[in-house]
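File shown here: start34.txt, holding compact mmCIF, C-alpha atoms.
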# COMPACT_ATOMS: atom_id res chain seq x y z
CA MET A 3 -71.12 -42.73 -96.27
CA SER A 4 -69.56 -46.10 -97.08
CA PHE A 5 -66.33 -47.39 -95.52
CA ILE A 6 -64.43 -46.83 -98.78
CA ASP A 7 -65.43 -43.13 -98.72
CA LEU A 8 -63.32 -42.74 -95.57
CA ALA A 9 -60.22 -43.28 -97.72
CA ASN A 10 -60.80 -39.69 -98.81
CA PRO A 11 -59.16 -37.44 -96.17
CA THR A 12 -61.63 -34.59 -96.76
CA ARG A 13 -64.62 -36.88 -96.10
CA PHE A 14 -62.81 -38.38 -93.13
CA LEU A 15 -62.23 -34.88 -91.70
CA ALA A 16 -65.93 -34.04 -92.07
CA LEU A 17 -66.91 -37.24 -90.26
CA VAL A 18 -64.39 -36.61 -87.45
CA GLN A 19 -65.68 -33.05 -86.95
CA ARG A 20 -69.20 -34.45 -86.49
CA LEU A 21 -68.14 -37.32 -84.21
CA LEU A 22 -65.68 -35.58 -81.88
CA PRO A 23 -68.16 -33.61 -79.69
CA TRP A 24 -70.27 -36.75 -79.14
CA LEU A 25 -67.24 -38.89 -78.33
CA ALA A 26 -65.87 -36.25 -75.94
CA ALA A 27 -69.24 -36.09 -74.13
CA ALA A 28 -69.43 -39.90 -73.92
CA THR A 29 -65.87 -39.98 -72.53
CA VAL A 30 -66.69 -37.45 -69.79
CA LEU A 31 -69.85 -39.36 -68.82
CA ALA A 32 -68.02 -42.70 -68.75
CA PHE A 33 -65.26 -41.25 -66.56
CA ALA A 34 -67.82 -39.70 -64.20
CA ALA A 35 -69.57 -43.06 -63.81
CA GLY A 36 -66.33 -45.04 -63.64
CA LEU A 37 -64.67 -42.83 -61.00
CA ALA A 38 -67.83 -42.76 -58.87
CA MET A 39 -67.99 -46.56 -58.99
CA ALA A 40 -64.22 -46.92 -58.42
CA PHE A 41 -64.21 -44.78 -55.28
CA ASN A 42 -67.29 -46.55 -53.91
CA ALA A 43 -65.90 -50.03 -54.62
CA PRO A 44 -64.95 -52.11 -51.58
CA ASP A 45 -61.31 -52.51 -50.58
CA ASP A 46 -59.57 -55.74 -51.54
CA TYR A 47 -59.25 -58.23 -48.68
CA GLN A 48 -55.48 -58.45 -49.19
CA GLN A 49 -54.46 -55.20 -50.89
CA GLY A 50 -56.79 -52.84 -49.06
CA ALA A 51 -57.50 -49.46 -50.72
CA THR A 52 -54.49 -49.75 -53.05
CA VAL A 53 -56.74 -51.80 -55.32
CA LYS A 54 -58.07 -48.41 -56.50
CA ILE A 55 -54.82 -48.02 -58.46
CA MET A 56 -55.94 -51.03 -60.51
CA PHE A 57 -58.78 -48.94 -62.02
CA LEU A 58 -56.09 -46.83 -63.73
CA HIS A 59 -53.30 -49.36 -64.19
CA VAL A 60 -55.20 -52.16 -65.93
CA PRO A 61 -57.05 -50.01 -68.54
CA ALA A 62 -53.77 -48.17 -69.26
CA ALA A 63 -52.00 -51.53 -69.74
CA TRP A 64 -54.72 -52.81 -72.09
CA LEU A 65 -54.63 -49.62 -74.15
CA SER A 66 -50.84 -49.57 -74.32
CA MET A 67 -51.02 -52.93 -76.09
CA PHE A 68 -54.13 -51.96 -78.09
CA GLY A 69 -52.25 -48.89 -79.38
CA TRP A 70 -49.46 -51.04 -80.83
CA ALA A 71 -51.97 -53.58 -82.23
CA LEU A 72 -53.82 -50.69 -83.93
CA MET A 73 -50.53 -49.40 -85.37
CA SER A 74 -49.70 -52.92 -86.60
CA MET A 75 -53.00 -53.09 -88.51
CA ALA A 76 -52.30 -49.61 -89.89
CA ALA A 77 -48.80 -50.78 -90.88
CA LEU A 78 -50.39 -53.56 -92.96
CA GLY A 79 -52.65 -50.91 -94.49
CA THR A 80 -49.57 -48.88 -95.43
CA LEU A 81 -47.45 -51.73 -96.79
CA VAL A 82 -50.10 -53.93 -98.44
CA TRP A 83 -53.01 -51.70 -99.44
CA ARG A 84 -51.26 -48.29 -99.38
CA HIS A 85 -54.37 -46.83 -97.78
CA PRO A 86 -53.98 -43.03 -97.61
CA LEU A 87 -55.11 -42.86 -93.99
CA ALA A 88 -53.19 -45.90 -92.69
CA ASP A 89 -49.94 -44.06 -92.02
CA VAL A 90 -51.89 -41.10 -90.62
CA ALA A 91 -53.59 -43.49 -88.17
CA ALA A 92 -50.29 -45.11 -87.16
CA LYS A 93 -48.43 -41.83 -86.65
CA ALA A 94 -51.32 -40.33 -84.65
CA ALA A 95 -51.56 -43.40 -82.38
CA ALA A 96 -47.88 -43.48 -81.37
CA PRO A 97 -47.77 -40.60 -78.82
CA ILE A 98 -51.13 -41.67 -77.35
CA GLY A 99 -49.96 -45.27 -76.99
CA ALA A 100 -46.71 -44.05 -75.43
CA ALA A 101 -48.62 -41.92 -72.90
CA PHE A 102 -50.83 -44.87 -71.90
CA THR A 103 -47.75 -47.12 -71.58
CA LEU A 104 -46.09 -44.53 -69.34
CA MET A 105 -49.30 -44.32 -67.29
CA CYS A 106 -49.25 -48.13 -66.95
CA LEU A 107 -45.59 -48.15 -65.85
CA VAL A 108 -45.90 -45.30 -63.33
CA THR A 109 -49.18 -46.44 -61.77
CA GLY A 110 -47.84 -50.00 -61.63
CA SER A 111 -44.72 -48.75 -59.89
CA LEU A 112 -46.81 -46.79 -57.38
CA TRP A 113 -48.90 -49.93 -56.77
CA GLY A 114 -45.82 -52.15 -56.54
CA ARG A 115 -44.08 -50.18 -53.79
CA PRO A 116 -46.71 -50.82 -51.06
CA MET A 117 -47.55 -54.36 -52.29
CA TRP A 118 -44.13 -55.76 -53.29
CA GLY A 119 -41.88 -53.42 -51.32
CA ALA A 120 -40.20 -52.12 -54.51
CA PHE A 121 -41.03 -49.54 -57.16
CA TRP A 122 -39.40 -51.67 -59.84
CA VAL A 123 -38.21 -55.24 -60.38
CA TRP A 124 -36.71 -56.66 -63.58
CA ASP A 125 -39.68 -58.99 -63.89
CA ALA A 126 -40.65 -60.34 -67.35
CA ARG A 127 -43.96 -58.44 -67.45
CA LEU A 128 -42.51 -55.11 -66.30
CA THR A 129 -39.48 -55.39 -68.56
CA SER A 130 -41.52 -56.29 -71.67
CA VAL A 131 -43.83 -53.29 -71.04
CA LEU A 132 -40.76 -51.04 -70.62
CA VAL A 133 -39.52 -52.39 -73.98
CA LEU A 134 -42.94 -51.46 -75.47
CA PHE A 135 -42.54 -47.90 -74.12
CA LEU A 136 -39.04 -47.61 -75.62
CA MET A 137 -40.36 -48.92 -78.96
CA TYR A 138 -43.07 -46.23 -78.95
CA LEU A 139 -40.36 -43.58 -78.33
CA GLY A 140 -38.19 -45.04 -81.10
CA LEU A 141 -41.09 -44.96 -83.55
CA MET A 142 -41.93 -41.35 -82.67
CA ALA A 143 -38.26 -40.41 -83.13
CA LEU A 144 -38.29 -42.11 -86.56
CA TYR A 145 -41.34 -40.09 -87.65
CA TRP A 146 -39.89 -36.82 -86.34
CA THR A 147 -36.42 -37.24 -87.83
CA THR A 148 -37.33 -38.49 -91.33
CA GLU A 149 -38.13 -35.54 -93.56
CA ASP A 150 -39.93 -37.45 -96.33
CA PRO A 151 -43.26 -38.77 -94.92
CA ALA A 152 -43.40 -41.59 -97.54
CA ARG A 153 -39.99 -42.96 -96.46
CA ALA A 154 -40.88 -42.55 -92.79
CA SER A 155 -44.18 -44.40 -93.26
CA ARG A 156 -42.57 -47.49 -94.85
CA ALA A 157 -39.76 -47.68 -92.27
CA ALA A 158 -42.21 -47.11 -89.40
CA ALA A 159 -44.59 -49.77 -90.75
CA ILE A 160 -41.80 -52.39 -90.88
CA LEU A 161 -40.57 -51.44 -87.39
CA THR A 162 -44.14 -51.61 -86.06
CA LEU A 163 -44.74 -55.10 -87.47
CA VAL A 164 -41.43 -56.36 -86.06
CA GLY A 165 -42.28 -54.78 -82.70
CA ALA A 166 -45.67 -56.54 -82.64
CA ILE A 167 -43.76 -59.68 -81.58
CA ASN A 168 -43.58 -58.04 -78.14
CA LEU A 169 -47.40 -58.10 -77.70
CA PRO A 170 -47.76 -61.87 -77.05
CA VAL A 171 -44.57 -61.69 -74.95
CA ILE A 172 -46.24 -59.07 -72.70
CA LYS A 173 -49.53 -60.99 -72.54
CA PHE A 174 -48.04 -64.41 -71.77
CA SER A 175 -44.94 -63.29 -69.82
CA VAL A 176 -46.74 -64.09 -66.56
CA ASP A 177 -47.38 -67.65 -67.79
CA TRP A 178 -44.05 -68.35 -69.50
CA TRP A 179 -41.78 -67.15 -66.68
CA ASN A 180 -41.87 -66.99 -62.89
CA THR A 181 -42.82 -63.38 -62.28
CA LEU A 182 -43.69 -61.21 -59.32
CA HIS A 183 -46.52 -59.73 -61.38
CA GLN A 184 -49.84 -61.50 -60.86
CA PRO A 185 -51.28 -63.65 -63.69
CA ALA A 186 -54.22 -62.53 -65.85
CA SER A 187 -57.37 -61.90 -63.79
CA VAL A 188 -59.86 -60.62 -66.38
CA ILE A 189 -58.83 -61.69 -69.92
CA ARG A 190 -58.24 -65.40 -69.27
CA LEU A 191 -59.69 -68.81 -70.00
CA GLY A 192 -62.68 -69.32 -67.70
CA ALA A 193 -64.44 -66.60 -65.73
CA PRO A 194 -62.63 -63.49 -64.43
CA ALA A 195 -60.96 -64.06 -61.05
CA ILE A 196 -62.13 -60.68 -59.68
CA HIS A 197 -65.27 -60.18 -57.58
CA PRO A 198 -68.04 -58.34 -59.52
CA ALA A 199 -67.96 -55.49 -56.96
CA ILE A 200 -64.46 -54.63 -58.24
CA LEU A 201 -64.74 -56.01 -61.78
CA THR A 202 -67.70 -53.77 -62.76
CA PRO A 203 -65.95 -50.43 -61.94
CA LEU A 204 -62.83 -51.76 -63.68
CA LEU A 205 -64.76 -52.47 -66.88
CA VAL A 206 -66.50 -49.05 -66.76
CA MET A 207 -63.11 -47.35 -66.29
CA ALA A 208 -61.73 -49.43 -69.18
CA LEU A 209 -64.63 -48.20 -71.36
CA ALA A 210 -63.90 -44.59 -70.31
CA PHE A 211 -60.19 -44.91 -71.14
CA ALA A 212 -61.02 -46.62 -74.47
CA LEU A 213 -63.35 -43.73 -75.37
CA LEU A 214 -60.58 -41.27 -74.38
CA PHE A 215 -58.12 -43.13 -76.62
CA LEU A 216 -60.58 -43.14 -79.55
CA THR A 217 -61.39 -39.42 -79.13
CA LEU A 218 -57.73 -38.41 -78.90
CA HIS A 219 -56.77 -40.66 -81.79
CA LEU A 220 -59.39 -39.24 -84.15
CA ALA A 221 -58.40 -35.68 -83.13
CA ALA A 222 -54.70 -36.47 -83.64
CA MET A 223 -55.48 -38.02 -87.06
CA ARG A 224 -57.33 -34.81 -88.02
CA ASN A 225 -54.25 -32.79 -86.94
CA GLU A 226 -51.93 -35.06 -88.96
CA ILE A 227 -54.04 -34.63 -92.12
CA LEU A 228 -53.88 -30.84 -91.63
CA ARG A 229 -50.09 -31.05 -91.04
CA ARG A 230 -49.66 -32.89 -94.37
CA ARG A 231 -51.78 -30.26 -96.14
CA VAL A 232 -49.58 -27.56 -94.60
CA ARG A 233 -46.48 -29.38 -95.88
CA THR A 234 -47.93 -29.66 -99.39
CA LEU A 235 -48.79 -25.94 -99.47
CA GLN A 236 -45.36 -24.97 -98.12
CA LEU A 237 -43.71 -27.05 -100.89
CA MET A 238 -45.97 -25.31 -103.47
CA LYS A 239 -44.97 -21.95 -102.02
CA ALA A 240 -41.28 -22.86 -102.24
CA ASP A 241 -41.77 -24.00 -105.88
CA ASN A 242 -43.46 -20.70 -106.77
CA ALA A 243 -40.76 -18.60 -105.08
CA MET B 27 -63.18 -41.54 -47.73
CA ASN B 28 -60.47 -43.54 -45.99
CA LEU B 29 -57.66 -44.56 -48.37
CA GLY B 30 -55.75 -46.37 -45.64
CA ALA B 31 -52.05 -46.44 -44.86
CA HIS B 32 -51.02 -46.20 -48.53
CA ALA B 33 -53.11 -43.13 -49.42
CA ASP B 34 -50.04 -41.28 -50.77
CA PHE B 35 -49.46 -43.94 -53.43
CA ILE B 36 -53.14 -43.94 -54.49
CA VAL B 37 -53.28 -40.12 -54.71
CA ALA B 38 -49.97 -40.03 -56.63
CA ALA B 39 -51.22 -42.64 -59.13
CA TYR B 40 -54.42 -40.64 -59.82
CA ALA B 41 -52.41 -37.38 -60.06
CA VAL B 42 -50.07 -38.93 -62.66
CA ALA B 43 -53.03 -40.29 -64.67
CA ILE B 44 -54.76 -36.89 -64.62
CA ALA B 45 -51.53 -35.06 -65.58
CA LEU B 46 -50.90 -37.40 -68.54
CA THR B 47 -54.52 -37.13 -69.70
CA VAL B 48 -54.46 -33.31 -69.50
CA ALA B 49 -51.10 -33.25 -71.34
CA LEU B 50 -52.53 -35.41 -74.16
CA ILE B 51 -55.66 -33.23 -74.49
CA ALA B 52 -53.53 -30.05 -74.49
CA TRP B 53 -51.14 -31.50 -77.10
CA VAL B 54 -54.04 -32.37 -79.45
CA ALA B 55 -55.82 -29.02 -78.94
CA LEU B 56 -52.69 -26.85 -79.34
CA ASP B 57 -51.50 -28.82 -82.37
CA TYR B 58 -54.93 -28.34 -84.02
CA ARG B 59 -54.80 -24.59 -83.41
CA ALA B 60 -51.25 -24.36 -84.78
CA GLN B 61 -52.04 -26.31 -87.99
CA ARG B 62 -55.23 -24.31 -88.61
CA ARG B 63 -53.34 -21.03 -88.14
CA ILE B 64 -50.56 -22.00 -90.59
CA LEU B 65 -53.11 -23.23 -93.16
CA LEU B 66 -55.04 -19.97 -92.90
CA GLU B 67 -51.85 -17.91 -93.34
CA LEU B 68 -50.90 -19.88 -96.46
CA GLU B 69 -54.39 -19.54 -97.93
CA GLN B 70 -54.34 -15.80 -97.27
CA GLN B 71 -51.14 -15.67 -99.34
CA GLY B 72 -53.10 -17.24 -102.21
CA ILE B 73 -51.52 -20.68 -101.85
CA THR B 74 -54.33 -23.23 -102.03
CA ARG B 75 -54.71 -26.86 -102.95
CA ARG B 76 -55.75 -27.75 -106.52
CA SER B 77 -59.10 -29.13 -105.31
CA GLN B 78 -59.83 -25.81 -103.55
CA ARG B 79 -59.01 -23.83 -106.70
CA GLU B 80 -61.34 -26.04 -108.76
CA GLU B 81 -64.19 -25.38 -106.32
CA LYS B 82 -64.00 -21.61 -107.00
CA PRO B 83 -66.22 -20.31 -109.89
Kindly present the structure from the file in structure tokens form.
Amino acid sequence: MSFIDLANPTRFLALVQRLLPWLAAATVLAFAAGLAMAFNAPDDYQQGATVKIMFLHVPAAWLSMFGWALMSMAALGTLVWRHPLADVAAKAAAPIGAAFTLMCLVTGSLWGRPMWGAFWVWDARLTSVLVLFLMYLGLMALYWTTEDPARASRAAAILTLVGAINLPVIKFSVDWWNTLHQPASVIRLGAPAIHPAILTPLLVMALAFALLFLTLHLAAMRNEILRRRVRTLQLMKADNA
Amino acid sequence: MNLGAHADFIVAAYAVAIALTVALIAWVALDYRAQRRILLELEQQGITRRSQREEKP
């Protein structure tokens, strides 16, 4: 099956049905390995055992931004190439991206309270991630409240591309402004600033969360294709009535 | 395992992550079941897509 064949929703559905069990199994295995490594990792010399929150918080933060980046690429697919699956991919990614952003915000808050003495501060990094969460909710509301999927897809694609401006703001907020949030420790120029004993479980947990995102996204895309088929059949039924 | 003085925060963070993950999996699974059920009901009423009609002899 070539890449262009995937533009056909029926072929895409067949591929997803074959892939999903394998991806689900790989996700479970990656989480088993990641959690075992995370709970056997040494405590941080400054933060103690609270560093274990990092194994959730950092992958969730990466995937919250990855979700919007994926939707931005899909938005280009909708506006420029009018790919039949581009809007399906964008719409399916929005709730998953929102959930990962919420996970990032809540776990960060629970990490911040013992380390900073506050659940929340209006710091540039925290605020820009909160803006990302609100943008996800706005996009989901747009999809749910616009009856015509074609109109919703164009409006959502434009909103997504405008919202992508927030991604570099989130990434570089810790460099551009004085923030309480620590600077980048893994994705940075030079080597990661984390000891391998903590970095390795973090990367395995990131792989597990990425597999979870991919599995859920493909399953949600399958559901969205079915929902559009249902809509088409219901319109045919209304025409025949 | 000793989670130290801030064990409550660590346990709460993992509980939230598990709850959100379970909610996402449940949303995807229940939505799939609902769409399949509606599609089946429509097909039983004889309403099918053109491509499905062309497949029939």
Between chain B and chain A, at 9 Å or less, what are the per-residue closest atom pairs and their distances in Å? Count only C-alpha atoms, order by chain and rising residue number, and return it as a Markdown table.
| residue | atom | partner | partner_atom | distance |
| --- | --- | --- | --- | --- |
| B:Met27 | CA | A:Phe41 | CA | 8.3 |
| B:Asn28 | CA | A:Ala51 | CA | 8.1 |
| B:Leu29 | CA | A:Ala51 | CA | 5.4 |
| B:Gly30 | CA | A:Ala51 | CA | 6.2 |
| B:Ala31 | CA | A:Ala51 | CA | 8.6 |
| B:His32 | CA | A:Thr52 | CA | 6.7 |
| B:Ala33 | CA | A:Thr52 | CA | 7.7 |
| B:Phe35 | CA | A:Leu112 | CA | 5.5 |
| B:Ile36 | CA | A:Ile55 | CA | 5.9 |
| B:Val37 | CA | A:Ile55 | CA | 8.9 |
| B:Ala38 | CA | A:Leu112 | CA | 7.5 |
| B:Ala39 | CA | A:Thr109 | CA | 5.1 |
| B:Tyr40 | CA | A:Leu58 | CA | 7.5 |
| B:Val42 | CA | A:Met105 | CA | 7.1 |
| B:Ala43 | CA | A:Met105 | CA | 6.1 |
| B:Leu46 | CA | A:Ala101 | CA | 6.7 |
| B:Thr47 | CA | A:Ala101 | CA | 8.2 |
| B:Leu50 | CA | A:Ile98 | CA | 7.2 |
| B:Ile51 | CA | A:Leu218 | CA | 7.1 |
| B:Trp53 | CA | A:Ala222 | CA | 9.0 |
| B:Val54 | CA | A:Ala222 | CA | 5.9 |
| B:Ala55 | CA | A:Ala221 | CA | 8.3 |
| B:Asp57 | CA | A:Asn225 | CA | 6.6 |
| B:Tyr58 | CA | A:Asn225 | CA | 5.4 |
| B:Arg59 | CA | A:Asn225 | CA | 8.9 |
| B:Gln61 | CA | A:Arg229 | CA | 6.0 |
| B:Arg62 | CA | A:Leu228 | CA | 7.3 |
| B:Ile64 | CA | A:Val232 | CA | 6.9 |
| B:Leu65 | CA | A:Val232 | CA | 5.8 |
| B:Leu68 | CA | A:Leu235 | CA | 7.1 |
| B:Glu69 | CA | A:Leu235 | CA | 8.6 |
| B:Ile73 | CA | A:Leu235 | CA | 6.4 |
| B:Thr74 | CA | A:Leu235 | CA | 6.7 |
| B:Arg75 | CA | A:Leu235 | CA | 6.9 |
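The spacing separating CA of Pro151 (chain A) from CA of Met73 (chain A) amounts to 16.0 Å.
Counting only C-alpha atoms, Val131 (chain A) has the following residues at most 9 Å away, ignoring those fewer than 6 positions along the same chain: Ala63, Ser66, Met67, Thr103, Cys106, Leu107, Asn168, Leu169 and Ile172 of chain A.
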- request: Just the residues within 9 Å of Phe174 (chain A), please, counting all atoms listed in the file, with nothing from its chain fewer than 5 positions along; format it as a list of chain:residue names.
  value: A:Arg127, A:Leu169, A:Trp179, A:Pro185, A:Ala186
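Rounded to one decimal, CA of Ala9 (chain A) and CA of Val90 (chain A) lie 11.2 Å from each other.
Reported to one decimal place, the separation of CA of Ala195 (chain A) from CA of Ala126 (chain A) is 21.6 Å.
Using only C-alpha atoms, the nearest neighbour of His183 (chain A) within the list A:Thr148, A:Thr202, A:Thr129, A:Ser155 is A:Thr129.
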